[in-house]
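Each remark here refers to the structure printed beneath this line.
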Amino acid sequence: MNNELLKLYLVTGRYDFSDEEFLTIIEEACQNGVTSVQLREKELSTHDFYQLALKVKAVTARYDIPLIINDRLDICLAVDAEGLHIGDDELPVTVARRLLGSDKILGVSAKTLERSVEAQTEGADYLGVGAIFPTPTKESDVTPIATLKEITGSVALPVVAIGGIKLGNLSALTDSGITGISVVSEIMKAEDVPQTVKSLRQAVEAL
Ligand code: TPS
């Protein structure tokens with residue numbers, strides 16, 4: 001895959017936004033420097049997830065930004081999104097790859113070196129490693145930066161760091177070997193989405 005697409009990767013969070021507010025945040029993010037968008041919905045019915053994914057795809061397509069669907073291979077195929085992101089509780093990576101075909105992007109969450117190597121062998125295109133910092137967005141053990149470095153040093157796949165990443169702590173990722181960063185709350189809950197995205201993009205380019 002094109003590594004540039006992983007520079008600043010927005011993963012969505014629903015919070016209490018209306019569809020309109022939600023889509024506006026995604027659009028502002030697309031206009032100001034995110035390079036990929038992942039639609040992550042844990043509560044919606046299949047019907048509602050599908051309808052929302054269509055709306056998000058209409059936005060990302062306008063900016064030629066890839067849309068990655070979290071967990072749901074059926075939704076990914078149904079809306080012809082550019083890719084799928086899966087964690088440990090989903091289909092095995094080999095199976096997801098087989099069903100997706102070789103044209104779609106397949107991302108895998110990994111917390112350890114062992115899992116990272118396995119995901120690479122099984123056909124992942126990139127890894128999301130974290131949570132690097134503790135985060136209320138996802139209950140998860142923290143993956144230390146030392147482990148992140150071990151992964152980027154041993155695996156050929158591009159790696160995005162995720163989890164608790166903010167403008168204020170991003171510099172801790174200098175020289176960690178990552179291709180980019182992925183964030184939920186720092187963008188979704190930003191007071192000024194355009195400015196926050198611009199600043200994050202600048203900071204990640206300078207890592
Ligand atoms: C690319 N994941 C790990 S930590 C976290 C999530 C959703 C919360 C971040 O929120 N890598 C990718 N996509 C994923 N969905 C995951 C990993 C899983 P915040 O930025 O608010 O701390």
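Residues are referred to by chain and number: the chain letter is A, B, ... according to the order shown in the structure tokens, the number counts from 1 in that chain, and ligands are numbered separately from 1 in the order shown.
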Write out as CSV the residues of stretch 120-190 of chain A that have any atom within 10 Å of an atom of stretch 28-38 of chain A, one row each with the nearest atom pair and its distance in Å to one decimal, counting only C-alpha atoms, sorted by chain and then rising number.
```
residue,atom,partner,partner_atom,distance
A:Gly180,CA,A:Thr35,CA,9.7
A:Ser182,CA,A:Ser36,CA,9.1
A:Val183,CA,A:Gln38,CA,9.9
A:Val184,CA,A:Gln38,CA,9.5
A:Ile187,CA,A:Ala29,CA,7.8
A:Met188,CA,A:Ala29,CA,9.0
```
**Request:** Check every protein, DNA and RNA residue against ligand 1, keep those with an atom at most 9 Å away (counting only C-alpha atoms and all ligand atoms), and present them as number ranges by chain.
**Result:** A: 6, 9-13, 38-40, 70-71, 85-87, 107-111, 126-140, 142, 159-166, 181-189
**Message:** I'd like to know which of A:Ile68, A:Ile25, A:Leu73, A:Ala146 is closest to A:Glu90, using only C-alpha atoms.
**Reply:**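 Once distances to A:Glu90 are computed over only C-alpha atoms, the minimum belongs to A:Leu73.
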**Surrounding residues of A:Ala96 excluding itself and chain neighbours under 4 positions, 9 Å, only C-alpha atoms, as a ChimeraX atom specification** = /A:73,84,86,90-92,100-101,106,123
Requested write-out: C-alpha atoms of the selected residues, as a compact mmCIF listing (two decimals), in the first residue's frame:
```
# COMPACT_ATOMS: atom_id res chain seq x y z
CA LEU A 73 -16.13 -7.04 6.31
CA LEU A 84 -11.02 -3.11 6.47
CA ILE A 86 -9.68 -5.79 12.29
CA GLU A 90 -12.60 -10.62 14.40
CA LEU A 91 -12.08 -13.09 11.57
CA PRO A 92 -8.61 -14.57 11.25
CA LEU A 100 -11.47 -9.18 0.69
CA GLY A 101 -9.24 -10.01 -2.24
CA LEU A 106 -6.35 -4.80 5.32
CA GLY A 123 -1.63 -10.93 4.79
```
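The spacing separating atom CA of A:Asp16 from atom CA of A:Lys55 amounts to 17.6 Å.
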**Asked** What gap, in Å, lies between atom CA of A:Ser45 and atom CA of A:Thr24?
**Response**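 Between atom CA of A:Ser45 and atom CA of A:Thr24 the gap works out to 21.9 Å.
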**Request:** Within 9 Å of A:Leu170, counting only C-alpha atoms, which residues show up once you throw out same-chain ones fewer than 2 positions away? Write them as a list in words, please.
**Result:**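 Contacts, with the query itself left out: Ile165, Lys166, Leu167, Gly168, Ala172, Leu173, Thr174, Ile181, Leu200, Ala203, Val204 and Leu207 of chain A.
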**Asked** atom CA of A:Gln202 to atom CA of A:Asn2: how many Å, to one decimal?
**Response**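 Separation of atom CA of A:Gln202 and atom CA of A:Asn2: 19.2 Å.
Excluding A:Thr152 itself and any same-chain residue fewer than 3 positions from it, the protein and nucleic acid residues within 10 Å of it, counting only C-alpha atoms, are Leu113, Ser116, Leu127, Val129, Thr147, Leu148, Lys149, Val155, Ala156, Leu157, Pro158, Val159, Val160, Ser176, Gly177, Ile178 and Thr179 of chain A.
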Residue selection dump (N, CA and C atoms) as a tab-separated table (two decimals), in the first residue's frame:
```tsv
chain	number	residue	atom	x	y	z
A	113	LEU	N	4.89	-7.95	19.54
A	113	LEU	CA	5.74	-8.29	18.39
A	113	LEU	C	5.24	-9.59	17.74
A	116	SER	N	2.27	-9.04	15.65
A	116	SER	CA	2.62	-8.23	14.48
A	116	SER	C	3.22	-9.11	13.38
A	127	LEU	N	-0.15	-2.26	10.23
A	127	LEU	CA	-0.48	-2.58	11.62
A	127	LEU	C	-0.86	-1.30	12.36
A	129	VAL	N	-0.68	-0.16	16.10
A	129	VAL	CA	-0.08	-0.63	17.36
A	129	VAL	C	-0.44	0.31	18.51
A	147	THR	N	8.21	-1.46	22.90
A	147	THR	CA	7.62	-2.55	22.10
A	147	THR	C	7.29	-2.04	20.70
A	148	LEU	N	6.77	-0.82	20.63
A	148	LEU	CA	6.49	-0.21	19.31
A	148	LEU	C	7.76	-0.21	18.45
A	149	LYS	N	8.86	0.18	19.06
A	149	LYS	CA	10.13	0.24	18.32
A	149	LYS	C	10.59	-1.15	17.90
A	155	VAL	N	9.42	-5.76	11.66
A	155	VAL	CA	8.36	-6.08	10.71
A	155	VAL	C	8.46	-5.13	9.51
A	156	ALA	N	8.25	-5.67	8.33
A	156	ALA	CA	8.39	-4.83	7.13
A	156	ALA	C	7.15	-3.96	6.89
A	157	LEU	N	6.02	-4.34	7.47
A	157	LEU	CA	4.78	-3.59	7.23
A	157	LEU	C	4.86	-2.18	7.81
A	158	PRO	N	4.16	-1.23	7.17
A	158	PRO	CA	4.04	0.08	7.79
A	158	PRO	C	3.23	0.00	9.09
A	159	VAL	N	3.60	0.82	10.06
A	159	VAL	CA	2.97	0.79	11.38
A	159	VAL	C	2.42	2.17	11.72
A	160	VAL	N	1.16	2.22	12.18
A	160	VAL	CA	0.64	3.46	12.77
A	160	VAL	C	0.54	3.26	14.27
A	176	SER	N	10.62	6.40	16.46
A	176	SER	CA	10.01	5.11	16.80
A	176	SER	C	9.82	4.25	15.56
A	177	GLY	N	10.11	4.80	14.40
A	177	GLY	CA	10.00	4.01	13.17
A	177	GLY	C	8.61	3.92	12.59
A	178	ILE	N	7.66	4.68	13.17
A	178	ILE	CA	6.28	4.59	12.67
A	178	ILE	C	6.14	5.31	11.32
A	179	THR	N	5.12	4.86	10.58
A	179	THR	CA	4.79	5.50	9.31
A	179	THR	C	3.83	6.66	9.53
```
